[in-house]
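Have a look at work.cif; it's mmCIF, C-alpha atoms:
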```cif
data_run
loop_
_atom_site.group_PDB
_atom_site.id
_atom_site.type_symbol
_atom_site.label_atom_id
_atom_site.label_comp_id
_atom_site.auth_asym_id
_atom_site.auth_seq_id
_atom_site.Cartn_x
_atom_site.Cartn_y
_atom_site.Cartn_z
ATOM 1 C CA MET J 1401 0.000 0.000 0.000
ATOM 2 C CA LEU J 1402 2.716 2.250 0.444
ATOM 3 C CA ILE J 1403 3.479 1.947 -3.182
ATOM 4 C CA TYR J 1404 0.072 3.243 -4.065
ATOM 5 C CA ALA J 1405 0.210 5.909 -1.495
ATOM 6 C CA ALA J 1406 3.054 7.654 -3.024
ATOM 7 C CA GLU J 1407 1.687 7.630 -6.482
ATOM 8 C CA GLY J 1408 2.470 11.160 -6.926
ATOM 9 C CA GLU J 1409 6.006 10.555 -6.082
ATOM 10 C CA HIS J 1410 8.284 8.485 -8.216
ATOM 11 C CA ASN J 1411 10.292 5.605 -6.822
ATOM 12 C CA PRO J 1412 13.931 5.881 -7.949
ATOM 13 C CA ILE J 1413 14.376 2.114 -8.029
ATOM 14 C CA ILE J 1414 11.670 1.462 -10.568
ATOM 15 C CA PRO J 1415 12.266 3.244 -13.860
ATOM 16 C CA ILE J 1416 9.613 5.131 -15.664
ATOM 17 C CA TRP J 1417 8.234 3.128 -18.560
ATOM 18 C CA GLN J 1418 8.377 6.066 -20.949
ATOM 19 C CA GLU J 1419 12.094 6.463 -20.298
ATOM 20 C CA ILE J 1420 12.582 2.766 -20.924
ATOM 21 C CA VAL J 1421 10.794 3.034 -24.292
ATOM 22 C CA VAL J 1422 12.768 6.142 -25.296
ATOM 23 C CA GLY J 1423 16.031 4.482 -24.144
ATOM 24 C CA LEU J 1424 15.210 1.349 -26.134
ATOM 25 C CA ILE J 1425 14.398 3.344 -29.274
ATOM 26 C CA ALA J 1426 17.593 5.429 -28.888
ATOM 27 C CA PHE J 1427 19.590 2.277 -28.255
ATOM 28 C CA GLY J 1428 18.057 0.644 -31.341
ATOM 29 C CA ILE J 1429 18.855 3.707 -33.488
ATOM 30 C CA LEU J 1430 22.385 3.806 -32.082
ATOM 31 C CA CYS J 1431 22.868 0.083 -32.797
ATOM 32 C CA PHE J 1432 21.463 0.509 -36.310
ATOM 33 C CA VAL J 1433 23.811 3.440 -37.061
ATOM 34 C CA LEU J 1434 26.805 1.582 -35.587
ATOM 35 C CA MET J 1435 26.044 -1.611 -37.524
ATOM 36 C CA LYS J 1436 25.208 0.136 -40.769
ATOM 37 C CA PHE J 1437 27.988 2.723 -40.912
ATOM 38 C CA VAL J 1438 30.611 2.452 -38.159
ATOM 39 C CA PHE J 1439 31.237 -1.293 -37.845
ATOM 40 C CA PRO J 1440 31.770 -1.840 -41.622
ATOM 41 C CA ARG J 1441 34.306 0.988 -41.682
ATOM 42 C CA MET J 1442 36.025 -0.398 -38.613
ATOM 43 C CA GLU J 1443 36.038 -3.825 -40.246
ATOM 44 C CA GLU J 1444 37.593 -2.344 -43.399
ATOM 45 C CA THR J 1445 40.217 -0.578 -41.310
ATOM 46 C CA PHE J 1446 41.006 -3.764 -39.392
ATOM 47 C CA ARG J 1447 41.169 -5.737 -42.628
ATOM 48 C CA ALA J 1448 43.477 -3.131 -44.145
ATOM 49 C CA ARG J 1449 45.699 -3.272 -41.079
ATOM 50 C CA VAL J 1450 45.745 -7.071 -41.151
ATOM 51 C CA ASP J 1451 46.535 -7.012 -44.874
ATOM 52 C CA ALA J 1452 49.264 -4.449 -44.304
ATOM 53 C CA ILE J 1453 50.758 -6.443 -41.466
ATOM 54 C CA GLU J 1454 50.491 -9.762 -43.305
ATOM 55 C CA GLY J 1455 51.714 -8.127 -46.518
ATOM 56 C CA GLY J 1456 54.595 -6.599 -44.611
ATOM 57 C CA ILE J 1457 55.403 -9.970 -43.118
ATOM 58 C CA LYS J 1458 55.174 -11.605 -46.550
ATOM 59 C CA ARG J 1459 57.307 -8.872 -48.079
ATOM 60 C CA ALA J 1460 59.785 -9.242 -45.238
ATOM 61 C CA GLU J 1461 59.848 -13.021 -45.746
ATOM 62 C CA GLU J 1462 60.294 -12.551 -49.502
ATOM 63 C CA ALA J 1463 63.038 -9.998 -48.900
ATOM 64 C CA GLN J 1464 64.677 -12.371 -46.417
ATOM 65 C CA ALA J 1465 64.440 -15.239 -48.921
ATOM 66 C CA GLU J 1466 65.871 -13.024 -51.661
ATOM 67 C CA ALA J 1467 68.656 -11.864 -49.339
ATOM 68 C CA ASN J 1468 69.434 -15.490 -48.453
ATOM 69 C CA GLN J 1469 69.462 -16.379 -52.145
ATOM 70 C CA LEU J 1470 71.796 -13.457 -52.925
ATOM 71 C CA LEU J 1471 74.010 -14.455 -49.995
ATOM 72 C CA GLN J 1472 74.158 -18.002 -51.349
ATOM 73 C CA GLN J 1473 75.007 -16.682 -54.825
ATOM 74 C CA TYR J 1474 77.749 -14.477 -53.381
ATOM 75 C CA LYS J 1475 79.128 -17.428 -51.426
ATOM 76 C CA GLU J 1476 79.121 -19.547 -54.594
ATOM 77 C CA GLN J 1477 80.782 -16.754 -56.569
ATOM 78 C CA LEU J 1478 83.353 -16.333 -53.817
ATOM 79 C CA ALA J 1479 84.030 -20.072 -53.815
ATOM 80 C CA GLU J 1480 84.341 -20.016 -57.615
ATOM 81 C CA ALA J 1481 86.676 -17.024 -57.402
ATOM 82 C CA ARG J 1482 88.811 -18.819 -54.826
ATOM 83 C CA THR J 1483 88.878 -21.935 -56.975
ATOM 84 C CA GLU J 1484 89.781 -19.855 -60.023
ATOM 85 C CA ALA J 1485 92.502 -18.046 -58.059
ATOM 86 C CA ALA J 1486 93.917 -21.389 -56.899
ATOM 87 C CA ARG J 1487 93.838 -22.703 -60.477
ATOM 88 C CA ILE J 1488 95.567 -19.567 -61.791
ATOM 89 C CA ARG J 1489 98.144 -19.790 -58.991
ATOM 90 C CA ASP J 1490 98.793 -23.464 -59.820
ATOM 91 C CA GLU J 1491 99.088 -22.647 -63.523
ATOM 92 C CA ALA J 1492 101.506 -19.831 -62.722
ATOM 93 C CA ARG J 1493 103.593 -22.184 -60.603
ATOM 94 C CA ALA J 1494 103.566 -24.771 -63.377
ATOM 95 C CA ASP J 1495 104.510 -22.095 -65.922
ATOM 96 C CA ALA J 1496 107.277 -20.838 -63.648
ATOM 97 C CA THR J 1497 108.569 -24.382 -63.211
ATOM 98 C CA GLY J 1498 108.452 -24.916 -66.978
ATOM 99 C CA ILE J 1499 110.232 -21.642 -67.642
ATOM 100 C CA ARG J 1500 112.821 -22.486 -65.001
ATOM 101 C CA GLU J 1501 113.394 -25.907 -66.538
ATOM 102 C CA ASP J 1502 113.666 -24.349 -70.003
ATOM 103 C CA ILE J 1503 116.182 -21.802 -68.765
ATOM 104 C CA LEU J 1504 118.161 -24.509 -66.968
ATOM 105 C CA ALA J 1505 118.109 -26.706 -70.086
ATOM 106 C CA LYS J 1506 119.293 -23.807 -72.236
ATOM 107 C CA ALA J 1507 121.963 -22.984 -69.677
ATOM 108 C CA ARG J 1508 123.105 -26.630 -69.663
ATOM 109 C CA GLU J 1509 123.166 -26.668 -73.453
ATOM 110 C CA GLU J 1510 125.148 -23.426 -73.526
ATOM 111 C CA SER J 1511 127.466 -24.748 -70.834
ATOM 112 C CA ASP J 1512 127.966 -28.009 -72.734
ATOM 113 C CA ARG J 1513 128.568 -26.063 -75.934
ATOM 114 C CA ILE J 1514 131.120 -23.806 -74.224
ATOM 115 C CA ILE J 1515 132.812 -26.807 -72.600
ATOM 116 C CA ALA J 1516 132.874 -28.654 -75.930
ATOM 117 C CA ALA J 1517 134.282 -25.580 -77.675
ATOM 118 C CA GLY J 1518 136.878 -25.234 -74.909
ATOM 119 C CA ARG J 1519 137.833 -28.891 -75.175
ATOM 120 C CA GLU J 1520 138.052 -28.597 -78.927
ATOM 121 C CA ALA J 1521 140.207 -25.485 -78.615
ATOM 122 C CA LEU J 1522 142.390 -27.279 -76.060
ATOM 123 C CA GLN J 1523 142.676 -30.308 -78.343
ATOM 124 C CA THR J 1524 143.628 -28.100 -81.279
ATOM 125 C CA GLU J 1525 146.134 -26.204 -79.142
ATOM 126 C CA ARG J 1526 147.541 -29.499 -77.840
ATOM 127 C CA GLN J 1527 147.952 -30.824 -81.367
ATOM 128 C CA THR J 1528 149.636 -27.600 -82.422
ATOM 129 C CA ILE J 1529 151.980 -27.747 -79.451
ATOM 130 C CA VAL J 1530 152.704 -31.433 -80.085
ATOM 131 C CA ARG J 1531 153.555 -30.660 -83.720
ATOM 132 C CA GLN J 1532 155.814 -27.798 -82.710
ATOM 133 C CA LEU J 1533 157.456 -29.927 -80.036
ATOM 134 C CA ARG J 1534 157.971 -32.803 -82.463
ATOM 135 C CA ALA J 1535 159.585 -30.498 -84.972
ATOM 136 C CA GLU J 1536 161.750 -28.954 -82.295
ATOM 137 C CA ILE J 1537 162.594 -32.325 -80.724
ATOM 138 C CA GLY J 1538 163.369 -33.702 -84.148
ATOM 139 C CA SER J 1539 165.783 -30.917 -84.967
ATOM 140 C CA LEU J 1540 167.337 -31.134 -81.507
ATOM 141 C CA ALA J 1541 167.656 -34.880 -81.816
ATOM 142 C CA VAL J 1542 169.328 -34.568 -85.217
ATOM 143 C CA ASP J 1543 171.693 -31.871 -83.900
ATOM 144 C CA LEU J 1544 172.498 -33.970 -80.853
ATOM 145 C CA ALA J 1545 173.026 -37.109 -82.893
ATOM 146 C CA GLY J 1546 175.195 -35.110 -85.304
ATOM 147 C CA ARG J 1547 177.362 -33.908 -82.451
ATOM 148 C CA ILE J 1548 177.664 -37.363 -81.037
ATOM 149 C CA VAL J 1549 178.523 -38.956 -84.379
ATOM 150 C CA GLY J 1550 180.389 -35.948 -85.584
ATOM 151 C CA GLU J 1551 178.603 -35.721 -88.897
ATOM 152 C CA SER J 1552 175.633 -33.854 -90.177
ATOM 153 C CA LEU J 1553 172.685 -36.238 -90.079
ATOM 154 C CA GLU J 1554 170.122 -33.693 -91.006
ATOM 155 C CA GLU J 1555 169.894 -34.695 -94.686
ATOM 156 C CA GLU J 1556 169.782 -38.359 -93.983
ATOM 157 C CA ALA J 1557 167.223 -37.944 -91.181
ATOM 158 C CA ARG J 1558 164.927 -36.117 -93.524
ATOM 159 C CA ARG J 1559 165.412 -38.655 -96.185
ATOM 160 C CA ARG J 1560 164.639 -41.600 -94.058
ATOM 161 C CA GLY J 1561 162.065 -40.110 -91.735
ATOM 162 C CA THR J 1562 164.052 -41.328 -88.782
ATOM 163 C CA VAL J 1563 162.954 -38.520 -86.560
ATOM 164 C CA GLU J 1564 159.297 -39.100 -87.344
ATOM 165 C CA ARG J 1565 159.567 -42.789 -86.509
ATOM 166 C CA PHE J 1566 161.359 -41.931 -83.296
ATOM 167 C CA LEU J 1567 158.694 -39.444 -82.290
ATOM 168 C CA GLU J 1568 155.915 -41.881 -83.144
ATOM 169 C CA GLU J 1569 157.559 -44.463 -80.954
ATOM 170 C CA ILE J 1570 157.804 -41.893 -78.195
ATOM 171 C CA GLY J 1571 154.159 -40.910 -78.765
ATOM 172 C CA ASP J 1572 153.067 -44.569 -78.641
ATOM 173 C CA GLY J 1573 155.033 -45.029 -75.477
ATOM 174 C CA ASP J 1574 153.458 -41.894 -73.943
ATOM 175 C CA ALA J 1575 149.993 -43.088 -74.934
ATOM 176 C CA ALA J 1576 150.651 -46.531 -73.445
ATOM 177 C CA ALA J 1577 152.071 -44.956 -70.277
ATOM 178 C CA GLY J 1578 149.085 -42.571 -70.049
ATOM 179 C CA ALA J 1579 146.656 -45.453 -70.478
ATOM 180 C CA ALA J 1580 148.474 -47.475 -67.827
ATOM 181 C CA GLY J 1581 148.436 -44.430 -65.488
ATOM 182 C CA ARG J 1582 144.703 -43.966 -65.902
ATOM 183 C CA ARG J 1583 143.970 -47.531 -64.861
#
```
Representation of the structure as structure tokens:
Amino acid sequence: MLIYAAEGEHNPIIPIWQEIVVGLIAFGILCFVLMKFVFPRMEETFRARVDAIEGGIKRAEEAQAEANQLLQQYKEQLAEARTEAARIRDEARADATGIREDILAKAREESDRIIAAGREALQTERQTIVRQLRAEIGSLAVDLAGRIVGESLEEEARRRGTVERFLEEIGDGDAAAGAAGRR
């Protein structure tokens, strides 16, 4: 009864039905406006952000993959360059060895040629000296024999070739003695 008694006065716990209806209509209009205009725009914005983030991630992954691929290519090129440098270095060493061997062979040939020419010159000089010594020994031998015998044997020695035979016998004896000395 108290509730009816204070009909003129409003109870703050129980809302007024007209306010409830107006609140519901305003809430309905607000929901309609939000759903029709605001939420689709928010959804587009969220979708754009998601696309941007996912696109950025995809682009970052693609860039990372491309960077890894370029790094691998650079590593391969570096390995190829190192291999090429090693091959060139080995070829240069081989060329240097070949050139060295060629120079040494030419030097040996030149040395052998010089030695052969020297030996030949020595042999020629020896033969010349032997001829001169034979002639001188022959004339000395004839003079000595002439003094011993008391006659001039020069004419007869020439005629008979006595001196030459004597020197050949001496030469054969020297050759035999030299051969025996070498053994």
Please compute the atom CA of Ala1463 of chain J-atom CA of Arg1447 of chain J distance, one decimal, in Å. 23.1 Å
Can you turn the PyMOL selection byres ((chain J and resi 1534) around 12) into a concrete residue list for this file, as a list in words?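 Selected by the PyMOL selection byres ((chain J and resi 1534) around 12) here: Arg1526, Gln1527, Thr1528, Ile1529, Val1530, Arg1531, Gln1532, Leu1533, Ala1535, Glu1536, Ile1537, Gly1538, Ser1539, Leu1540, Ala1541, Val1542, Val1563, Glu1564, Arg1565, Phe1566, Leu1567, Glu1568, Glu1569, Ile1570 and Gly1571 of chain J.
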Separation of atom CA of Gly1428 of chain J and atom CA of Pro1440 of chain J, in Å?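 Atom CA of Pro1440 of chain J lies 17.3 Å from atom CA of Gly1428 of chain J.
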What separates atom CA of Leu1430 of chain J and atom CA of Asn1411 of chain J is a distance of 28.1 Å
